[in-house]
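Working notes, beginning with the structure itself.
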Protein chains: 2
Amino acid sequence: MATGHTDPHRRERILDATLDLIAEEGIARVSHRRIAARAGVPLGSMTYHFSGMEELLREAFGRFTDHIVAVFDARLGAAADRDQARTAVADLVHSLSEESQRDLVLTQELYTLAARRPAYRELTHEWMRRSRVHLEKHFDPATARQLDALIEGLTLHRALAREPHDRALTVEAIARVTTTDHDAATDRGATTDRNTPGPDAGTS
Amino acid sequence: MATGHTDPHRRERILDATLDLIAEEGIARVSHRRIAARAGVPLGSMTYHFSGMEELLREAFGRFTDHIVAVFDARLGAAADRDQARTAVADLVHSLSEESQRDLVLTQELYTLAARRPAYRELTHEWMRRSRVHLEKHFDPATARQLDALIEGLTLHRALAREPHDRALTVEAIARVTTTDHDAATDRGATTDRNTPGPDAGTS
DNA sequence: AGTCACAGTGTACGTTCGTACGCTCCAGGG
DNA sequence: CCCTGGAGCGTACGAACGTACACTGTGACT
């Protein structure tokens with residue numbers, strides 16, 4: 001019986017099942033058999049569609065990166081001005097850290113792989129690059145980089161903290177990093193968009 | 001032969017070997033046998049000293065947390081004033097992100113576990129708590145939290161970036177988050193140590 | 001209708017795994 | 001000197017693993 005003839009979504013279903021499994025059980029507990037069982041495909045399909053575990057994982061995380069980049073695009077791309085960008089960043093931090101346990105865990109798994117293996121670092125580079133493109137529409141490059149790192153740190157700490165910090169703290173941190181009145185940051189080359197002191201600091 | 005009779009460091013050696021193996025190969029490739037081989041102990045020792053993989057991993061990461069907390073203590077504890085604290089934070093970010101691949105990878109592995117399992121979150125709580133204690137000697141609690149998150153984000157992004165940012169950017173980000181002149185942050189309860197506008201912003 | 005190429009599958013093989021458990025051998029008391 | 005309790009080890013067992021490969025059934029083509 002060659003039932004797969006009629007199902008062109010086999011590959012995608014396998015990749016989704018892989019990500020689900022990783023999110024729930026961790027990369028250490030992933031196996032061809034468990035993925036196959038979860039995806040509802042025979043074991044033989046695994047080696048038919050993917051040359052091995054390696055390729056499977058890389059494609060799965062590629063798929064995840066596409067997803068998370070889309071989330072960033074949707075959130076940050078909609079911001080029309082600097083202040084909306086700040087709000088969008090705060091929204092992003094809070095939605096990532098309190099909804100979507102799945103995305104959070106998968107992000108960590110990806111970073112863990114990326115910390116050790118350059119092949120996976122390509123995926124994180126693309127992710128960072130895309131998010132900086134959005135941020136640089138509203139802030140100078142140095143600020144964008146700092147803000148990008150801040151998003152990462154705030155999201156992670158909020159997700160792991162015993163008592164997650166409230167939105168006011170997120171908003172304040174963002175305001176501080178993106179407000180460059182007092183001095184400096186002027187020679188840091190705000191090429192496309194000069195940084196003016198934000199009108200409202202909007203702390204708490 | 002009961003050679004272990006004379007070696008009281010068996011346990012510690014096993015734990016160190018576990019961390020080394022995780023750092024090099026990832027948690028997915030850890031097994032009793034591989035750990036035993038690396039530690040130079042017989043397989044039987046594994047189940048003798050530890051009830052199972054679970055206990056082994058938890059103790060290993062407990063040991064790692066002790067180590068990393070000691071690093072934070074050494075770096076941040078030495079700072080005498082606010083400005084030294086800022087420098088110490090910058091040093092910390094850069095030493096974690098460019099030396100000690102091992103610590104970086106293990107940190108990610110720990111976070112990955114913590115994101116999924118509360119038991120490991122205890123370890124990260126302790127770590128965060130200790131680092132905030134240091135930061136709160138020089139900054140108000142809200143600033144300390146923001147700075148703590150910023151350290152995390154800067155370290156990770158610097159470690160994973162294709163072209164790691166230079167020290168000036170780290171220093172600037174720290175300055176921005178810890179300088180609260182223009183307004184606000186005054187009602188956010190700087191209990192032990194009121195936040196005055198830093199004398200020099202010390203950007204680049 | 002008959003044939004064929006090949007997408008897709010079931011199964012078997014060799015390896016590695018965690019763990020249990022009977023055995024060894026030493027330190028200390030008699 | 002002998003005896004003995006228990007710390008520590010070697011090994012064996014069943015389960016699970018990744019992967020290769022012979023096979024099956026179907027749609028397309030003549």
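Chain identifiers are assigned as A, B, and so on, following the order in which chains appear in the structure tokens; residues are numbered from 1 within each chain, and ligands are numbered from 1 in order of appearance.
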
Starting from chain D, keep only residues with some atom at most 12 Å from an atom of chain A, counting only C-alpha atoms (C1' of nucleotides), and report them as a VMD selection string.
chain D and resid 16 to 21 23 to 27

May I ask you to extract the residues of chain C within 7 Å of chain A, using only C-alpha atoms (C1' of nucleotides), and to give them as a ChimeraX atom specification?
/C:7-9

Output of the above residues as a PDB file, in the first residue's frame, restricted to all heavy atoms:
```pdb
ATOM      1  P    DA C   7      10.027   8.304  -7.054  1.00  0.00           P
ATOM      2  OP1  DA C   7      10.091   9.268  -8.165  1.00  0.00           O
ATOM      3  OP2  DA C   7      11.235   8.010  -6.247  1.00  0.00           O
ATOM      4  O5'  DA C   7       8.845   8.755  -6.081  1.00  0.00           O
ATOM      5  C5'  DA C   7       7.538   8.977  -6.622  1.00  0.00           C
ATOM      6  C4'  DA C   7       6.491   8.505  -5.623  1.00  0.00           C
ATOM      7  O4'  DA C   7       6.432   7.059  -5.609  1.00  0.00           O
ATOM      8  C3'  DA C   7       6.754   8.914  -4.172  1.00  0.00           C
ATOM      9  O3'  DA C   7       5.487   9.136  -3.558  1.00  0.00           O
ATOM     10  C2'  DA C   7       7.452   7.699  -3.578  1.00  0.00           C
ATOM     11  C1'  DA C   7       6.759   6.557  -4.315  1.00  0.00           C
ATOM     12  N9   DA C   7       7.589   5.371  -4.535  1.00  0.00           N
ATOM     13  C8   DA C   7       8.903   5.347  -4.918  1.00  0.00           C
ATOM     14  N7   DA C   7       9.387   4.128  -5.052  1.00  0.00           N
ATOM     15  C5   DA C   7       8.315   3.311  -4.736  1.00  0.00           C
ATOM     16  C6   DA C   7       8.177   1.895  -4.686  1.00  0.00           C
ATOM     17  N6   DA C   7       9.166   1.050  -4.984  1.00  0.00           N
ATOM     18  N1   DA C   7       6.976   1.404  -4.334  1.00  0.00           N
ATOM     19  C2   DA C   7       5.977   2.258  -4.044  1.00  0.00           C
ATOM     20  N3   DA C   7       5.998   3.595  -4.060  1.00  0.00           N
ATOM     21  C4   DA C   7       7.200   4.061  -4.412  1.00  0.00           C
ATOM     22  P    DG C   8       5.427   9.597  -2.025  1.00  0.00           P
ATOM     23  OP1  DG C   8       4.133  10.273  -1.847  1.00  0.00           O
ATOM     24  OP2  DG C   8       6.698  10.252  -1.634  1.00  0.00           O
ATOM     25  O5'  DG C   8       5.364   8.197  -1.281  1.00  0.00           O
ATOM     26  C5'  DG C   8       4.181   7.414  -1.412  1.00  0.00           C
ATOM     27  C4'  DG C   8       4.351   6.168  -0.588  1.00  0.00           C
ATOM     28  O4'  DG C   8       5.389   5.340  -1.162  1.00  0.00           O
ATOM     29  C3'  DG C   8       4.772   6.400   0.871  1.00  0.00           C
ATOM     30  O3'  DG C   8       3.799   5.766   1.671  1.00  0.00           O
ATOM     31  C2'  DG C   8       6.140   5.753   0.982  1.00  0.00           C
ATOM     32  C1'  DG C   8       6.062   4.705  -0.104  1.00  0.00           C
ATOM     33  N9   DG C   8       7.324   4.204  -0.632  1.00  0.00           N
ATOM     34  C8   DG C   8       8.421   4.924  -1.038  1.00  0.00           C
ATOM     35  N7   DG C   8       9.398   4.183  -1.480  1.00  0.00           N
ATOM     36  C5   DG C   8       8.926   2.875  -1.353  1.00  0.00           C
ATOM     37  C6   DG C   8       9.542   1.638  -1.673  1.00  0.00           C
ATOM     38  O6   DG C   8      10.670   1.440  -2.150  1.00  0.00           O
ATOM     39  N1   DG C   8       8.712   0.560  -1.377  1.00  0.00           N
ATOM     40  C2   DG C   8       7.443   0.672  -0.857  1.00  0.00           C
ATOM     41  N2   DG C   8       6.796  -0.473  -0.639  1.00  0.00           N
ATOM     42  N3   DG C   8       6.858   1.813  -0.562  1.00  0.00           N
ATOM     43  C4   DG C   8       7.647   2.873  -0.829  1.00  0.00           C
ATOM     44  P    DT C   9       3.888   5.755   3.249  1.00  0.00           P
ATOM     45  OP1  DT C   9       2.506   5.898   3.716  1.00  0.00           O
ATOM     46  OP2  DT C   9       4.956   6.654   3.689  1.00  0.00           O
ATOM     47  O5'  DT C   9       4.332   4.255   3.516  1.00  0.00           O
ATOM     48  C5'  DT C   9       3.475   3.214   3.057  1.00  0.00           C
ATOM     49  C4'  DT C   9       4.116   1.890   3.365  1.00  0.00           C
ATOM     50  O4'  DT C   9       5.386   1.793   2.699  1.00  0.00           O
ATOM     51  C3'  DT C   9       4.398   1.645   4.846  1.00  0.00           C
ATOM     52  O3'  DT C   9       3.633   0.528   5.217  1.00  0.00           O
ATOM     53  C2'  DT C   9       5.897   1.387   4.932  1.00  0.00           C
ATOM     54  C1'  DT C   9       6.256   1.030   3.497  1.00  0.00           C
ATOM     55  N1   DT C   9       7.621   1.361   3.019  1.00  0.00           N
ATOM     56  C2   DT C   9       8.458   0.341   2.645  1.00  0.00           C
ATOM     57  O2   DT C   9       8.142  -0.835   2.696  1.00  0.00           O
ATOM     58  N3   DT C   9       9.687   0.741   2.193  1.00  0.00           N
ATOM     59  C4   DT C   9      10.156   2.032   2.089  1.00  0.00           C
ATOM     60  O4   DT C   9      11.282   2.279   1.671  1.00  0.00           O
ATOM     61  C5   DT C   9       9.229   3.064   2.503  1.00  0.00           C
ATOM     62  C7   DT C   9       9.625   4.499   2.419  1.00  0.00           C
ATOM     63  C6   DT C   9       8.021   2.680   2.939  1.00  0.00           C
TER      64       DT C   9
END
```

Can I get the residues of chain A within 6 Å of chain B, each with the closest pair of atoms and their distance in Å to one decimal, using only C-alpha atoms, sorted chain first then ascending number, as a tab-separated table?
```
residue	atom	partner	partner_atom	distance
A:Ala28	CA	B:Ala28	CA	3.8
A:Val105	CA	B:Ala115	CA	5.7
A:Gln108	CA	B:Thr112	CA	5.1
A:Glu109	CA	B:Thr112	CA	5.9
A:Thr112	CA	B:Gln108	CA	5.1
A:Ala115	CA	B:Val105	CA	5.7
A:Ala149	CA	B:Gly153	CA	4.3
A:Leu150	CA	B:Leu150	CA	5.1
A:Glu152	CA	B:Gly153	CA	5.0
A:Gly153	CA	B:Gly153	CA	4.0
A:Leu154	CA	B:Ala149	CA	5.1
A:Arg176	CA	B:Val177	CA	5.5
A:Val177	CA	B:Arg176	CA	5.5
```

Next, the residues of the selection above should be written as a tab-separated table (two decimals), in the first residue's frame with all heavy atoms.
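Result file follows (again24.tsv):
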```tsv
chain	number	residue	atom	x	y	z
A	28	ALA	N	16.51	15.70	23.71
A	28	ALA	CA	17.10	14.45	24.18
A	28	ALA	C	16.14	13.27	24.00
A	28	ALA	O	16.56	12.13	23.91
A	28	ALA	CB	17.52	14.57	25.64
A	105	VAL	N	10.25	27.60	24.44
A	105	VAL	CA	11.09	26.42	24.59
A	105	VAL	C	11.87	26.15	23.31
A	105	VAL	O	13.07	25.87	23.35
A	105	VAL	CB	10.22	25.19	24.95
A	105	VAL	CG1	11.06	23.93	24.90
A	105	VAL	CG2	9.61	25.36	26.31
A	108	GLN	N	14.79	28.39	22.94
A	108	GLN	CA	15.92	27.98	23.77
A	108	GLN	C	16.64	26.79	23.16
A	108	GLN	O	17.87	26.74	23.14
A	108	GLN	CB	15.45	27.63	25.19
A	108	GLN	CG	15.05	28.85	26.00
A	108	GLN	CD	16.10	29.93	25.98
A	108	GLN	OE1	17.26	29.68	26.24
A	108	GLN	NE2	15.71	31.15	25.62
A	109	GLU	N	15.89	25.85	22.65
A	109	GLU	CA	16.53	24.68	22.04
A	109	GLU	C	17.37	25.12	20.84
A	109	GLU	O	18.48	24.63	20.64
A	109	GLU	CB	15.47	23.66	21.58
A	109	GLU	CG	14.70	23.01	22.72
A	109	GLU	CD	15.42	21.80	23.32
A	109	GLU	OE1	16.60	21.57	23.00
A	109	GLU	OE2	14.80	21.09	24.14
A	112	THR	N	20.52	26.78	22.02
A	112	THR	CA	21.44	25.78	22.55
A	112	THR	C	22.21	25.12	21.41
A	112	THR	O	23.43	24.96	21.48
A	112	THR	CB	20.66	24.72	23.34
A	112	THR	OG1	19.93	25.37	24.37
A	112	THR	CG2	21.62	23.72	23.96
A	115	ALA	N	24.61	27.68	19.88
A	115	ALA	CA	25.79	27.99	20.70
A	115	ALA	C	26.91	27.00	20.42
A	115	ALA	O	28.08	27.31	20.62
A	115	ALA	CB	25.43	27.96	22.18
A	149	ALA	N	18.84	43.07	21.77
A	149	ALA	CA	19.37	42.29	22.89
A	149	ALA	C	18.46	42.43	24.11
A	149	ALA	O	18.21	41.46	24.83
A	149	ALA	CB	20.78	42.75	23.24
A	150	LEU	N	17.96	43.61	24.32
A	150	LEU	CA	17.08	43.84	25.47
A	150	LEU	C	15.81	43.00	25.37
A	150	LEU	O	15.35	42.42	26.36
A	150	LEU	CB	16.72	45.33	25.56
A	150	LEU	CG	15.86	45.72	26.77
A	150	LEU	CD1	16.63	45.56	28.07
A	150	LEU	CD2	15.33	47.14	26.63
A	152	GLU	N	15.47	40.18	23.93
A	152	GLU	CA	15.87	38.81	24.27
A	152	GLU	C	15.93	38.61	25.78
A	152	GLU	O	15.36	37.67	26.33
A	152	GLU	CB	17.27	38.57	23.67
A	152	GLU	CG	17.66	37.14	23.60
A	152	GLU	CD	16.87	36.44	22.51
A	152	GLU	OE1	16.94	36.89	21.36
A	152	GLU	OE2	16.18	35.48	22.84
A	153	GLY	N	16.65	39.51	26.44
A	153	GLY	CA	16.85	39.36	27.87
A	153	GLY	C	15.56	39.52	28.66
A	153	GLY	O	15.28	38.74	29.58
A	154	LEU	N	14.78	40.50	28.30
A	154	LEU	CA	13.52	40.73	29.03
A	154	LEU	C	12.57	39.54	28.85
A	154	LEU	O	11.94	39.09	29.81
A	154	LEU	CB	12.84	42.00	28.52
A	154	LEU	CG	13.44	43.34	28.96
A	154	LEU	CD1	12.73	44.49	28.25
A	154	LEU	CD2	13.34	43.53	30.48
A	176	ARG	N	14.28	53.64	28.17
A	176	ARG	CA	15.65	54.04	28.51
A	176	ARG	C	16.63	53.74	27.38
A	176	ARG	O	17.47	54.55	27.05
A	176	ARG	CB	16.10	53.30	29.78
A	176	ARG	CG	15.48	53.86	31.04
A	176	ARG	CD	15.93	53.07	32.24
A	176	ARG	NE	15.39	53.64	33.47
A	176	ARG	CZ	15.63	53.12	34.67
A	176	ARG	NH1	16.38	52.05	34.80
A	176	ARG	NH2	15.12	53.69	35.74
A	177	VAL	N	16.48	52.56	26.81
A	177	VAL	CA	17.42	52.18	25.75
A	177	VAL	C	17.19	53.00	24.48
A	177	VAL	O	18.12	53.26	23.73
A	177	VAL	CB	17.33	50.66	25.46
A	177	VAL	CG1	17.96	50.32	24.12
A	177	VAL	CG2	18.04	49.89	26.57
```

Based on the backbone DSSP call, show me all residues of region 109-197 of chain A assigned helix (DSSP H, G or I), as an NGL selection string.
:A and (109-116 or 118-135 or 141-160 or 167-178)

Write a file of the selected residues as an mmCIF file, in the first residue's frame, keeping C-alpha atoms.
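Written file, out-v1.cif:
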```cif
data_model
loop_
_atom_site.group_PDB
_atom_site.id
_atom_site.type_symbol
_atom_site.label_atom_id
_atom_site.label_comp_id
_atom_site.auth_asym_id
_atom_site.auth_seq_id
_atom_site.Cartn_x
_atom_site.Cartn_y
_atom_site.Cartn_z
ATOM 1 C CA GLU A 109 16.530 24.679 22.036
ATOM 2 C CA LEU A 110 17.591 26.524 18.924
ATOM 3 C CA TYR A 111 19.952 28.791 20.840
ATOM 4 C CA THR A 112 21.440 25.783 22.549
ATOM 5 C CA LEU A 113 22.174 24.190 19.204
ATOM 6 C CA ALA A 114 23.404 27.486 17.803
ATOM 7 C CA ALA A 115 25.785 27.993 20.699
ATOM 8 C CA ARG A 116 27.556 24.793 19.727
ATOM 9 C CA PRO A 118 27.592 27.061 13.401
ATOM 10 C CA ALA A 119 25.067 25.488 11.026
ATOM 11 C CA TYR A 120 22.273 26.452 13.369
ATOM 12 C CA ARG A 121 23.760 29.867 13.914
ATOM 13 C CA GLU A 122 22.785 30.703 10.344
ATOM 14 C CA LEU A 123 19.188 30.494 11.449
ATOM 15 C CA THR A 124 19.665 32.819 14.390
ATOM 16 C CA HIS A 125 21.598 35.264 12.205
ATOM 17 C CA GLU A 126 18.708 35.489 9.810
ATOM 18 C CA TRP A 127 16.308 36.007 12.693
ATOM 19 C CA MET A 128 18.409 38.757 14.251
ATOM 20 C CA ARG A 129 18.951 40.389 10.905
ATOM 21 C CA ARG A 130 15.263 40.544 10.158
ATOM 22 C CA SER A 131 14.340 41.903 13.551
ATOM 23 C CA ARG A 132 17.013 44.588 13.267
ATOM 24 C CA VAL A 133 15.702 45.632 9.888
ATOM 25 C CA HIS A 134 12.409 46.447 11.548
ATOM 26 C CA LEU A 135 13.974 48.240 14.472
ATOM 27 C CA PRO A 141 21.654 50.956 14.175
ATOM 28 C CA ALA A 142 23.375 50.964 17.553
ATOM 29 C CA THR A 143 20.120 51.514 19.366
ATOM 30 C CA ALA A 144 18.470 48.807 17.309
ATOM 31 C CA ARG A 145 21.122 46.312 18.350
ATOM 32 C CA GLN A 146 20.798 47.218 21.979
ATOM 33 C CA LEU A 147 17.048 47.008 21.797
ATOM 34 C CA ASP A 148 17.214 43.647 20.087
ATOM 35 C CA ALA A 149 19.370 42.291 22.894
ATOM 36 C CA LEU A 150 17.080 43.841 25.469
ATOM 37 C CA ILE A 151 14.059 42.118 23.949
ATOM 38 C CA GLU A 152 15.872 38.813 24.272
ATOM 39 C CA GLY A 153 16.852 39.365 27.870
ATOM 40 C CA LEU A 154 13.524 40.728 29.026
ATOM 41 C CA THR A 155 11.601 37.923 27.387
ATOM 42 C CA LEU A 156 13.759 35.214 28.854
ATOM 43 C CA HIS A 157 13.949 36.660 32.346
ATOM 44 C CA ARG A 158 10.251 37.314 32.397
ATOM 45 C CA ALA A 159 9.519 33.765 31.316
ATOM 46 C CA LEU A 160 11.830 32.208 33.883
ATOM 47 C CA ARG A 167 4.602 45.698 31.914
ATOM 48 C CA ALA A 168 5.684 49.008 33.384
ATOM 49 C CA LEU A 169 9.187 47.697 33.883
ATOM 50 C CA THR A 170 9.385 46.440 30.326
ATOM 51 C CA VAL A 171 8.160 49.758 29.023
ATOM 52 C CA GLU A 172 10.633 51.659 31.151
ATOM 53 C CA ALA A 173 13.582 49.573 29.998
ATOM 54 C CA ILE A 174 12.607 50.063 26.379
ATOM 55 C CA ALA A 175 12.239 53.802 26.925
ATOM 56 C CA ARG A 176 15.648 54.037 28.514
ATOM 57 C CA VAL A 177 17.424 52.182 25.754
ATOM 58 C CA THR A 178 15.650 54.092 23.009
#
```

Counting only C-alpha atoms (C1' of nucleotides), what is within 12 Å of DA28 (chain D), bar same-chain residues fewer than 3 positions away, as a VMD selection string?
chain C and resid 3 to 6

Include N, CA, C and O atoms (P, O5', C5', C4', C3', O3' and C1' of nucleotides) and write out the residues we just selected as a compact mmCIF listing (two decimals), in the first residue's frame.
```txt
# COMPACT_ATOMS: atom_id res chain seq x y z
P DT C 3 1.78 -8.13 -19.73
O5' DT C 3 2.67 -6.85 -19.44
C5' DT C 3 3.08 -6.04 -20.55
C4' DT C 3 3.70 -4.76 -20.01
C3' DT C 3 4.75 -4.99 -18.93
O3' DT C 3 5.97 -4.47 -19.44
C1' DT C 3 3.25 -3.23 -18.34
P DC C 4 7.34 -4.76 -18.64
O5' DC C 4 7.66 -3.29 -18.11
C5' DC C 4 7.03 -2.17 -18.74
C4' DC C 4 7.30 -0.92 -17.94
C3' DC C 4 8.41 -1.06 -16.90
O3' DC C 4 9.10 0.18 -16.86
C1' DC C 4 6.40 -0.46 -15.82
P DA C 5 10.65 0.19 -16.42
O5' DA C 5 10.68 1.55 -15.57
C5' DA C 5 9.95 2.68 -16.06
C4' DA C 5 9.58 3.58 -14.89
C3' DA C 5 10.67 3.71 -13.82
O3' DA C 5 10.64 5.04 -13.37
C1' DA C 5 8.71 2.83 -12.83
P DC C 6 11.85 5.65 -12.51
O5' DC C 6 11.13 6.25 -11.22
C5' DC C 6 9.73 6.54 -11.23
C4' DC C 6 9.14 6.23 -9.86
C3' DC C 6 10.16 6.27 -8.70
O3' DC C 6 9.51 6.88 -7.61
C1' DC C 6 8.95 4.32 -8.59
```

Distance of C1' of DG10 (chain C) from CA of Gly40 (chain A), expressed in Å to one decimal place
15.0 Å
